[in-house]
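See below for start.cif, which holds mmCIF, C-alpha atoms.
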```cif
data_input
loop_
_atom_site.group_PDB
_atom_site.id
_atom_site.type_symbol
_atom_site.label_atom_id
_atom_site.label_comp_id
_atom_site.auth_asym_id
_atom_site.auth_seq_id
_atom_site.Cartn_x
_atom_site.Cartn_y
_atom_site.Cartn_z
ATOM 1 C CA MET A 1 -28.726 -46.937 9.628
ATOM 2 C CA MET A 2 -25.027 -46.189 9.112
ATOM 3 C CA THR A 3 -25.578 -45.617 5.411
ATOM 4 C CA PHE A 4 -27.726 -42.537 6.141
ATOM 5 C CA LYS A 5 -25.338 -40.899 8.581
ATOM 6 C CA ALA A 6 -22.489 -40.168 6.160
ATOM 7 C CA PRO A 7 -24.555 -38.196 3.610
ATOM 8 C CA ALA A 8 -26.166 -36.276 6.440
ATOM 9 C CA ALA A 9 -22.785 -35.320 7.826
ATOM 10 C CA VAL A 10 -21.564 -34.226 4.386
ATOM 11 C CA PHE A 11 -24.685 -32.141 3.883
ATOM 12 C CA ALA A 12 -24.228 -30.484 7.262
ATOM 13 C CA ALA A 13 -20.589 -29.683 6.510
ATOM 14 C CA LEU A 14 -21.477 -28.190 3.134
ATOM 15 C CA SER A 15 -24.179 -26.084 4.763
ATOM 16 C CA VAL A 16 -21.686 -24.692 7.272
ATOM 17 C CA ILE A 17 -19.228 -23.871 4.476
ATOM 18 C CA ALA A 18 -21.944 -22.185 2.444
ATOM 19 C CA LEU A 19 -23.036 -20.105 5.429
ATOM 20 C CA SER A 20 -19.434 -19.157 6.186
ATOM 21 C CA ASP A 21 -18.939 -17.905 2.638
ATOM 22 C CA ALA A 22 -22.134 -15.899 2.867
ATOM 23 C CA GLY A 23 -20.712 -14.182 6.013
ATOM 24 C CA HIS A 24 -17.828 -12.688 3.995
ATOM 25 C CA ALA A 25 -20.094 -10.880 1.579
ATOM 26 C CA GLY A 26 -20.011 -7.077 1.610
ATOM 27 C CA GLN A 27 -18.541 -4.113 -0.162
ATOM 28 C CA SER A 28 -14.786 -4.027 -0.485
ATOM 29 C CA TYR A 29 -12.845 -1.532 -2.527
ATOM 30 C CA SER A 30 -9.905 0.818 -2.285
ATOM 31 C CA ALA A 31 -10.391 4.530 -1.682
ATOM 32 C CA GLY A 32 -7.791 4.922 -4.432
ATOM 33 C CA ALA A 33 -5.539 7.920 -4.960
ATOM 34 C CA SER A 34 -6.137 11.167 -6.767
ATOM 35 C CA CYS A 35 -4.758 14.698 -6.630
ATOM 36 C CA SER A 36 -5.509 17.866 -8.494
ATOM 37 C CA THR A 37 -4.434 21.494 -8.507
ATOM 38 C CA THR A 38 -5.748 24.636 -10.116
ATOM 39 C CA SER A 39 -3.618 27.147 -11.983
ATOM 40 C CA ASN A 40 -3.000 29.196 -8.823
ATOM 41 C CA GLY A 41 -1.713 26.176 -6.935
ATOM 42 C CA SER A 42 -4.704 25.454 -4.724
ATOM 43 C CA GLY A 43 -5.861 21.872 -4.882
ATOM 44 C CA TYR A 44 -6.640 18.649 -3.121
ATOM 45 C CA CYS A 45 -5.642 15.023 -2.719
ATOM 46 C CA SER A 46 -8.005 12.219 -1.797
ATOM 47 C CA GLY A 47 -7.919 8.482 -1.412
ATOM 48 C CA SER A 48 -6.158 6.393 1.189
ATOM 49 C CA LEU A 49 -2.544 5.765 2.098
ATOM 50 C CA SER A 50 -2.935 2.181 0.862
ATOM 51 C CA GLY A 51 -4.519 3.573 -2.292
ATOM 52 C CA PHE A 52 -1.388 5.622 -3.007
ATOM 53 C CA LEU A 53 0.707 2.544 -2.281
ATOM 54 C CA ALA A 54 -1.325 0.504 -4.774
ATOM 55 C CA SER A 55 -1.137 3.219 -7.433
ATOM 56 C CA ALA A 56 0.260 2.394 -10.883
ATOM 57 C CA ASP A 57 2.892 5.103 -10.254
ATOM 58 C CA ALA A 58 5.849 3.363 -8.632
ATOM 59 C CA ASN A 59 6.871 6.598 -6.892
ATOM 60 C CA ALA A 60 3.418 7.499 -5.579
ATOM 61 C CA TYR A 61 3.052 8.209 -1.911
ATOM 62 C CA ALA A 62 1.160 10.389 0.530
ATOM 63 C CA ALA A 63 2.175 11.340 4.031
ATOM 64 C CA PHE A 64 0.922 13.388 6.933
ATOM 65 C CA TRP A 65 3.377 14.369 9.570
ATOM 66 C CA ASN A 66 3.395 16.797 12.407
ATOM 67 C CA GLU A 67 5.854 18.469 14.729
ATOM 68 C CA GLY A 68 4.031 18.645 18.034
ATOM 69 C CA ALA A 69 0.436 19.772 18.169
ATOM 70 C CA THR A 70 0.905 23.056 16.337
ATOM 71 C CA TYR A 71 2.477 22.200 13.004
ATOM 72 C CA GLY A 72 1.693 19.715 10.289
ATOM 73 C CA VAL A 73 2.825 18.978 6.732
ATOM 74 C CA PHE A 74 1.137 16.971 4.002
ATOM 75 C CA VAL A 75 3.112 15.770 1.005
ATOM 76 C CA ALA A 76 2.159 13.531 -1.872
ATOM 77 C CA GLU A 77 3.476 12.381 -5.217
ATOM 78 C CA LEU A 78 1.201 11.018 -7.892
ATOM 79 C CA ASP A 79 1.836 10.492 -11.576
ATOM 80 C CA GLY A 80 5.022 12.521 -11.474
ATOM 81 C CA ASN A 81 3.469 15.558 -9.807
ATOM 82 C CA TYR A 82 4.073 16.757 -6.265
ATOM 83 C CA TYR A 83 1.523 18.161 -3.886
ATOM 84 C CA SER A 84 2.000 19.706 -0.491
ATOM 85 C CA CYS A 85 0.508 21.954 2.160
ATOM 86 C CA THR A 86 1.363 23.027 5.672
ATOM 87 C CA THR A 87 -0.668 24.040 8.687
ATOM 88 C CA THR A 88 0.000 25.641 12.041
ATOM 89 C CA SER A 89 -3.220 24.247 13.479
ATOM 90 C CA PRO A 90 -3.554 20.575 12.513
ATOM 91 C CA ALA A 91 -7.147 19.400 12.780
ATOM 92 C CA GLU A 92 -8.029 16.360 14.877
ATOM 93 C CA PRO A 93 -8.198 14.001 11.881
ATOM 94 C CA TRP A 94 -4.546 14.816 11.268
ATOM 95 C CA PHE A 95 -3.572 12.945 14.410
ATOM 96 C CA ALA A 96 -6.287 10.321 14.014
ATOM 97 C CA LEU A 97 -4.915 9.417 10.576
ATOM 98 C CA SER A 98 -1.574 8.544 12.125
ATOM 99 C CA ALA A 99 -3.240 5.826 14.189
ATOM 100 C CA ALA A 100 -5.844 4.807 11.622
ATOM 101 C CA PRO A 101 -5.418 1.848 9.274
ATOM 102 C CA PRO A 102 -3.825 2.811 5.925
ATOM 103 C CA THR A 103 -7.076 1.929 4.196
ATOM 104 C CA THR A 104 -8.813 4.890 5.876
ATOM 105 C CA SER A 105 -10.227 7.264 3.298
ATOM 106 C CA PHE A 106 -9.167 10.901 3.456
ATOM 107 C CA SER A 107 -9.421 14.112 1.521
ATOM 108 C CA ILE A 108 -7.245 17.156 2.056
ATOM 109 C CA SER A 109 -7.367 20.477 0.296
ATOM 110 C CA TRP A 110 -5.208 23.565 0.394
ATOM 111 C CA THR A 111 -5.152 27.198 -0.601
ATOM 112 C CA SER A 112 -2.988 28.909 -3.208
ATOM 113 C CA ALA A 113 -0.755 30.020 -0.306
ATOM 114 C CA GLY A 114 0.050 26.374 0.465
ATOM 115 C CA THR A 115 -2.016 26.308 3.649
ATOM 116 C CA CYS A 116 -4.012 23.150 4.360
ATOM 117 C CA SER A 117 -7.648 24.158 4.545
ATOM 118 C CA VAL A 118 -9.855 21.095 4.961
ATOM 119 C CA LEU A 119 -8.980 17.605 6.114
ATOM 120 C CA TRP A 120 -11.706 14.996 6.059
ATOM 121 C CA MET A 121 -11.362 11.322 6.906
ATOM 122 C CA GLU A 122 -13.620 8.308 6.896
ATOM 123 C CA ALA A 123 -13.002 4.858 8.340
ATOM 124 C CA GLY A 124 -15.241 2.231 6.807
ATOM 125 C CA SER A 125 -15.501 -1.529 6.559
ATOM 126 C CA GLN A 126 -15.677 -1.247 2.786
ATOM 127 C CA TYR A 127 -12.186 0.223 2.387
ATOM 128 C CA LYS A 128 -9.352 -2.177 1.678
ATOM 129 C CA MET B 1 -65.908 5.782 120.866
ATOM 130 C CA ARG B 2 -67.869 3.889 118.364
ATOM 131 C CA ALA B 3 -68.562 7.029 116.426
ATOM 132 C CA VAL B 4 -64.840 7.801 116.381
ATOM 133 C CA HIS B 5 -64.078 4.329 115.071
ATOM 134 C CA VAL B 6 -66.681 4.708 112.354
ATOM 135 C CA LEU B 7 -65.279 8.114 111.426
ATOM 136 C CA LEU B 8 -61.757 6.727 111.267
ATOM 137 C CA GLY B 9 -62.898 3.820 109.144
ATOM 138 C CA VAL B 10 -64.744 6.105 106.718
ATOM 139 C CA THR B 11 -61.775 8.461 106.506
ATOM 140 C CA THR B 12 -59.422 5.542 105.819
ATOM 141 C CA MET B 13 -61.704 4.219 103.088
ATOM 142 C CA VAL B 14 -61.974 7.647 101.495
ATOM 143 C CA ALA B 15 -58.200 8.019 101.584
ATOM 144 C CA ILE B 16 -57.688 4.579 100.006
ATOM 145 C CA ALA B 17 -60.254 5.399 97.341
ATOM 146 C CA ALA B 18 -58.553 8.727 96.621
ATOM 147 C CA LEU B 19 -55.156 7.056 96.329
ATOM 148 C CA ALA B 20 -56.580 4.389 94.021
ATOM 149 C CA TRP B 21 -58.190 7.035 91.805
ATOM 150 C CA ALA B 22 -54.957 9.019 91.656
ATOM 151 C CA GLY B 23 -53.042 5.883 90.642
ATOM 152 C CA VAL B 24 -55.531 5.084 87.902
ATOM 153 C CA GLU B 25 -55.398 8.652 86.607
ATOM 154 C CA HIS B 26 -51.583 8.609 86.581
ATOM 155 C CA GLU B 27 -51.520 5.339 84.664
ATOM 156 C CA ARG B 28 -54.057 6.705 82.178
ATOM 157 C CA ALA B 29 -51.952 9.829 81.643
ATOM 158 C CA GLN B 30 -48.803 7.746 81.121
ATOM 159 C CA ARG B 31 -50.581 5.539 78.609
ATOM 160 C CA GLY B 32 -51.785 8.626 76.767
ATOM 161 C CA ARG B 33 -48.235 9.998 76.507
ATOM 162 C CA VAL B 34 -46.911 6.666 75.266
ATOM 163 C CA GLU B 35 -49.665 6.499 72.645
ATOM 164 C CA ALA B 36 -48.946 10.063 71.550
ATOM 165 C CA LEU B 37 -45.239 9.299 71.208
ATOM 166 C CA THR B 38 -46.012 6.108 69.282
ATOM 167 C CA ARG B 39 -48.224 8.075 66.894
ATOM 168 C CA SER B 40 -45.519 10.690 66.382
ATOM 169 C CA LEU B 41 -42.958 8.007 65.644
ATOM 170 C CA ALA B 42 -45.285 6.315 63.171
ATOM 171 C CA GLU B 43 -45.944 9.619 61.406
ATOM 172 C CA ALA B 44 -42.242 10.393 61.257
ATOM 173 C CA ARG B 45 -41.555 6.938 59.813
ATOM 174 C CA GLU B 46 -44.235 7.441 57.161
ATOM 175 C CA GLU B 47 -42.826 10.856 56.211
ATOM 176 C CA LEU B 48 -39.335 9.412 55.957
ATOM 177 C CA THR B 49 -40.545 6.563 53.751
ATOM 178 C CA ALA B 50 -42.415 8.987 51.508
ATOM 179 C CA LEU B 51 -39.344 11.222 51.256
ATOM 180 C CA ARG B 52 -37.104 8.322 50.287
ATOM 181 C CA ALA B 53 -39.616 7.190 47.686
ATOM 182 C CA SER B 54 -39.868 10.639 46.088
ATOM 183 C CA GLU B 55 -36.091 11.322 46.054
ATOM 184 C CA PRO B 56 -34.355 7.949 45.788
ATOM 185 C CA SER B 57 -30.981 9.359 44.783
ATOM 186 C CA ALA B 58 -31.078 12.756 46.361
ATOM 187 C CA PRO B 59 -27.514 13.754 47.189
ATOM 188 C CA PRO B 60 -26.640 14.740 50.665
ATOM 189 C CA SER B 61 -26.870 18.429 51.388
ATOM 190 C CA PRO B 62 -23.595 20.188 50.605
ATOM 191 C CA VAL B 63 -21.611 21.535 53.453
ATOM 192 C CA VAL B 64 -21.283 25.268 53.031
ATOM 193 C CA ILE B 65 -18.288 26.814 54.636
ATOM 194 C CA ARG B 66 -18.669 30.508 54.929
ATOM 195 C CA ALA B 67 -15.564 32.654 54.983
ATOM 196 C CA PRO B 68 -15.468 35.176 57.714
ATOM 197 C CA ALA B 69 -16.624 38.596 56.613
ATOM 198 C CA ILE B 70 -13.815 41.008 55.823
ATOM 199 C CA ASP B 71 -13.705 44.748 55.893
ATOM 200 C CA ALA B 72 -14.537 46.478 52.568
ATOM 201 C CA ARG B 73 -11.211 48.381 52.555
ATOM 202 C CA VAL B 74 -9.280 45.149 53.031
ATOM 203 C CA ALA B 75 -11.259 43.580 50.189
ATOM 204 C CA ASP B 76 -10.447 46.544 47.910
ATOM 205 C CA ALA B 77 -6.761 46.302 48.787
ATOM 206 C CA ILE B 78 -6.685 42.574 48.008
ATOM 207 C CA ALA B 79 -8.542 43.101 44.717
ATOM 208 C CA SER B 80 -6.158 45.859 43.591
ATOM 209 C CA ARG B 81 -3.150 43.660 44.427
ATOM 210 C CA VAL B 82 -4.610 40.752 42.462
ATOM 211 C CA LEU B 83 -5.308 43.005 39.465
ATOM 212 C CA ALA B 84 -1.816 44.476 39.601
ATOM 213 C CA ALA B 85 -0.241 41.002 39.748
ATOM 214 C CA SER B 86 -2.396 39.797 36.882
ATOM 215 C CA ASP B 87 -1.494 42.841 34.775
ATOM 216 C CA ALA B 88 2.200 42.366 35.496
ATOM 217 C CA ARG B 89 1.976 38.690 34.543
ATOM 218 C CA ARG B 90 0.201 39.602 31.303
ATOM 219 C CA ARG B 91 2.875 42.150 30.457
ATOM 220 C CA GLY B 92 5.539 39.571 31.278
ATOM 221 C CA GLU B 93 3.957 36.920 29.108
ATOM 222 C CA ALA B 94 3.581 39.384 26.235
ATOM 223 C CA ALA B 95 7.243 40.320 26.522
ATOM 224 C CA ILE B 96 8.280 36.658 26.552
ATOM 225 C CA ALA B 97 6.034 35.908 23.567
ATOM 226 C CA ALA B 98 7.420 38.876 21.627
ATOM 227 C CA GLU B 99 10.943 37.811 22.445
ATOM 228 C CA SER B 100 10.304 34.203 21.418
ATOM 229 C CA THR B 101 8.624 35.144 18.125
ATOM 230 C CA ALA B 102 11.072 37.848 17.124
ATOM 231 C CA PRO B 103 13.795 36.151 15.054
ATOM 232 C CA THR B 104 17.382 36.663 16.068
ATOM 233 C CA GLY B 105 19.971 38.081 13.699
ATOM 234 C CA SER B 106 21.368 34.647 12.916
ATOM 235 C CA GLN B 107 17.860 33.281 12.307
ATOM 236 C CA LEU B 108 17.129 36.110 9.880
ATOM 237 C CA ALA B 109 20.372 35.376 8.045
ATOM 238 C CA ALA B 110 19.515 31.665 7.910
ATOM 239 C CA ARG B 111 16.035 32.388 6.555
ATOM 240 C CA ALA B 112 17.503 34.625 3.862
ATOM 241 C CA ALA B 113 19.970 31.893 2.856
ATOM 242 C CA ALA B 114 17.188 29.301 2.705
ATOM 243 C CA GLU B 115 15.064 31.603 0.582
ATOM 244 C CA ARG B 116 17.966 32.104 -1.845
ATOM 245 C CA THR B 117 18.342 28.341 -2.125
ATOM 246 C CA LEU B 118 14.644 27.953 -2.895
ATOM 247 C CA ASN B 119 14.687 30.699 -5.506
ATOM 248 C CA GLN B 120 17.706 29.122 -7.196
ATOM 249 C CA ALA B 121 15.914 25.752 -7.216
ATOM 250 C CA ILE B 122 12.808 27.339 -8.700
ATOM 251 C CA ALA B 123 14.948 28.987 -11.377
ATOM 252 C CA ARG B 124 16.345 25.567 -12.309
ATOM 253 C CA GLY B 125 13.028 23.798 -11.868
ATOM 254 C CA ARG B 126 14.676 21.217 -9.630
ATOM 255 C CA LEU B 127 15.407 20.879 -5.932
ATOM 256 C CA THR B 128 18.359 18.676 -5.173
ATOM 257 C CA ARG B 129 18.755 16.374 -2.213
ATOM 258 C CA ASP B 130 21.818 18.348 -1.080
ATOM 259 C CA GLU B 131 19.830 21.593 -1.103
ATOM 260 C CA ILE B 132 17.134 20.075 1.089
ATOM 261 C CA LEU B 133 19.712 18.772 3.531
ATOM 262 C CA GLU B 134 21.465 22.149 3.499
ATOM 263 C CA VAL B 135 18.247 24.003 4.317
ATOM 264 C CA ARG B 136 17.444 21.451 7.005
ATOM 265 C CA GLU B 137 20.785 22.217 8.610
ATOM 266 C CA THR B 138 20.463 25.978 8.133
ATOM 267 C CA LEU B 139 17.037 26.161 9.764
ATOM 268 C CA ALA B 140 17.643 23.478 12.387
ATOM 269 C CA ASP B 141 17.218 25.931 15.276
ATOM 270 C CA ASP B 142 14.427 27.971 13.734
ATOM 271 C CA PRO B 143 11.076 26.104 13.701
ATOM 272 C CA LEU B 144 9.180 29.150 12.442
ATOM 273 C CA GLY B 145 11.660 29.726 9.643
ATOM 274 C CA ARG B 146 11.464 26.040 8.725
ATOM 275 C CA ALA B 147 7.667 26.194 8.683
ATOM 276 C CA GLU B 148 7.682 29.218 6.407
ATOM 277 C CA PHE B 149 10.215 27.615 4.063
ATOM 278 C CA ARG B 150 8.085 24.472 3.828
ATOM 279 C CA ARG B 151 5.005 26.552 3.029
ATOM 280 C CA GLN B 152 6.859 28.369 0.237
ATOM 281 C CA LEU B 153 8.163 25.054 -1.070
ATOM 282 C CA ALA B 154 4.602 23.649 -0.981
ATOM 283 C CA VAL B 155 3.410 26.594 -3.085
ATOM 284 C CA ALA B 156 6.248 26.040 -5.597
ATOM 285 C CA LEU B 157 5.429 22.308 -5.811
ATOM 286 C CA ASN B 158 1.686 22.921 -6.229
ATOM 287 C CA GLN B 159 2.364 25.473 -8.970
ATOM 288 C CA ARG B 160 4.683 23.017 -10.759
ATOM 289 C CA LYS B 161 7.596 25.418 -10.474
ATOM 290 C CA LEU B 162 9.973 22.676 -9.377
ATOM 291 C CA VAL B 163 10.304 18.969 -8.690
ATOM 292 C CA PRO B 164 12.628 17.322 -6.190
ATOM 293 C CA ASP B 165 15.479 15.194 -7.458
ATOM 294 C CA ASP B 166 14.781 12.604 -4.793
ATOM 295 C CA PRO B 167 11.071 11.851 -4.325
ATOM 296 C CA ARG B 168 11.878 10.294 -0.960
ATOM 297 C CA LEU B 169 13.274 13.553 0.370
ATOM 298 C CA LEU B 170 10.878 16.380 -0.233
ATOM 299 C CA MET B 171 10.887 18.570 2.854
ATOM 300 C CA PRO B 172 13.735 19.963 4.930
#
```
Show me, as structure tokens, the structure contained in the file I just sent.
Amino acid sequence: MMTFKAPAAVFAALSVIALSDAGHAGQSYSAGASCSTTSNGSGYCSGSLSGFLASADANAYAAFWNEGATYGVFVAELDGNYYSCTTTSPAEPWFALSAAPPTTSFSISWTSAGTCSVLWMEAGSQYK
Amino acid sequence: MRAVHVLLGVTTMVAIAALAWAGVEHERAQRGRVEALTRSLAEAREELTALRASEPSAPPSPVVIRAPAIDARVADAIASRVLAASDARRRGEAAIAAESTAPTGSQLAARAAAERTLNQAIARGRLTRDEILEVRETLADDPLGRAEFRRQLAVALNQRKLVPDDPRLLMP
């Protein structure tokens, strides 16, 4: 009887391991980092803070900061170019991004006058 | 004598019978009242049960406190005072807002100096760390001036008119 118990235990352990591995399946990717401007200076940046950190550009970064509830600044560097916009009415995502994980996906655009126009953010399990 | 005795006996019997009848009638009337009261109570209980069933969470009736009526002239006087106070407060707030948004002479001078620094940086195509720190100091007490400078700097950066010497220090 003892001879049958050991293989059964091994089989059970392997089954548990296999099931555990299956539980980690799912999408996982970085929101990345990208910025673009038009000739008049309007443009956008999108990606995630961790995406900028993982960029091939050693100087790349992106930052949102605010002074109180009525003023905010976005700055970014990517591939040697600088991007920035300011706002006197930061949208809610502006403050949410400060508390969100750096993997949170965002997209911000601005006008030719340097005013932030649209800020969109998305928190998702797939972003790493 | 015998006739008198008979008459007395008959009268006594009639009186006893009358008293007995009156007692029975009184008891019957009492029983009727008790039954009527019992029926009323039962009906009231049924109505209460039905009411609770139809409105299980009906809130209690609000208590309305009515202010005593006041004379129309007094009401007009109070209203005009309230309007006058409100108008005065509005004028006061507007004056304070205008005063707080209007830059002082020193703020105007600081903004002009910061703008010169930015134009010089644009002419060179570079913004040095010292220039950023200088502007930060110049506009330290002028949040609106600082905001406007940052917006102009953002435009210059987006249009590739300049790059900062130190990527870690971009905004004053």
List every residue of chain B that has an atom at most 8 Å from any atom of chain A, and for each one report the closest atom pair and its distance in Å to one decimal, counting only C-alpha atoms, with rows sorted by chain and then by increasing residue number, as CSV.
```
residue,atom,partner,partner_atom,distance
B:Ala147,CA,A:Thr86,CA,7.7
B:Arg150,CA,A:Thr86,CA,7.1
B:Arg151,CA,A:Gly114,CA,5.6
B:Gln152,CA,A:Gly114,CA,7.1
B:Ala154,CA,A:Ser84,CA,4.7
B:Val155,CA,A:Gly114,CA,4.9
B:Leu157,CA,A:Tyr82,CA,5.7
B:Asn158,CA,A:Gly41,CA,4.8
B:Gln159,CA,A:Gly41,CA,4.6
B:Arg160,CA,A:Asn81,CA,7.6
B:Val163,CA,A:Tyr82,CA,7.0
B:Pro167,CA,A:Asn59,CA,7.2
B:Leu170,CA,A:Val75,CA,7.9
```
> If you measure from atom CA of A:Ala63 to atom CA of B:Leu127, what distance in Å do you get, rounded to one decimal?
Replying inline: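 Interatomic distance here is 19.1 Å.
As for atom CA of B:Ala156 and atom CA of A:Ala54, they are spaced 26.6 Å apart.
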> By how many Å are atom CA of A:Asp57 and atom CA of A:Leu119 apart?
Replying inline: 23.8 Å
> Which neighbours of B:Ala112 fall inside 12 Å, counting all atoms listed in the file, when residues of the same chain fewer than 5 positions from it are skipped, and could you give them as a list in words?
Replying inline: Pro103, Gly105, Ser106, Gln107, Thr117, Leu118, Asn119, Val135, Thr138, Leu139, Gly145, Arg146, Glu148 and Phe149 of chain B
>> Applying 8 Å and all atoms listed in the file, which residues near A:Ser55 remain after dropping the ones on its own chain fewer than 3 positions away? List them as a PyMOL selection string.
In response: chain A and resi 32-33+51-52+58+60
>> Expand the PyMOL selection byres ((chain B and resi 125) around 9) into the explicit residue set it covers here, and present it as a ChimeraX atom specification.
In response: /B:120-124,126-127,160-164
>> Need the shell around B:Leu133: protein/DNA/RNA residues with any atom at most 9 Å away, counting all atoms listed in the file. Skip same-chain ones fewer than 6 positions apart. Format as a list in words?
In response: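 The residues satisfying every condition are Leu169, Met171 and Pro172 of chain B.
For the residues B:Leu8, B:Ala113, B:Leu153, B:Ala102, ranking by smallest atom-to-atom distance to B:Glu134 using all atoms listed in the file places B:Ala113 first.
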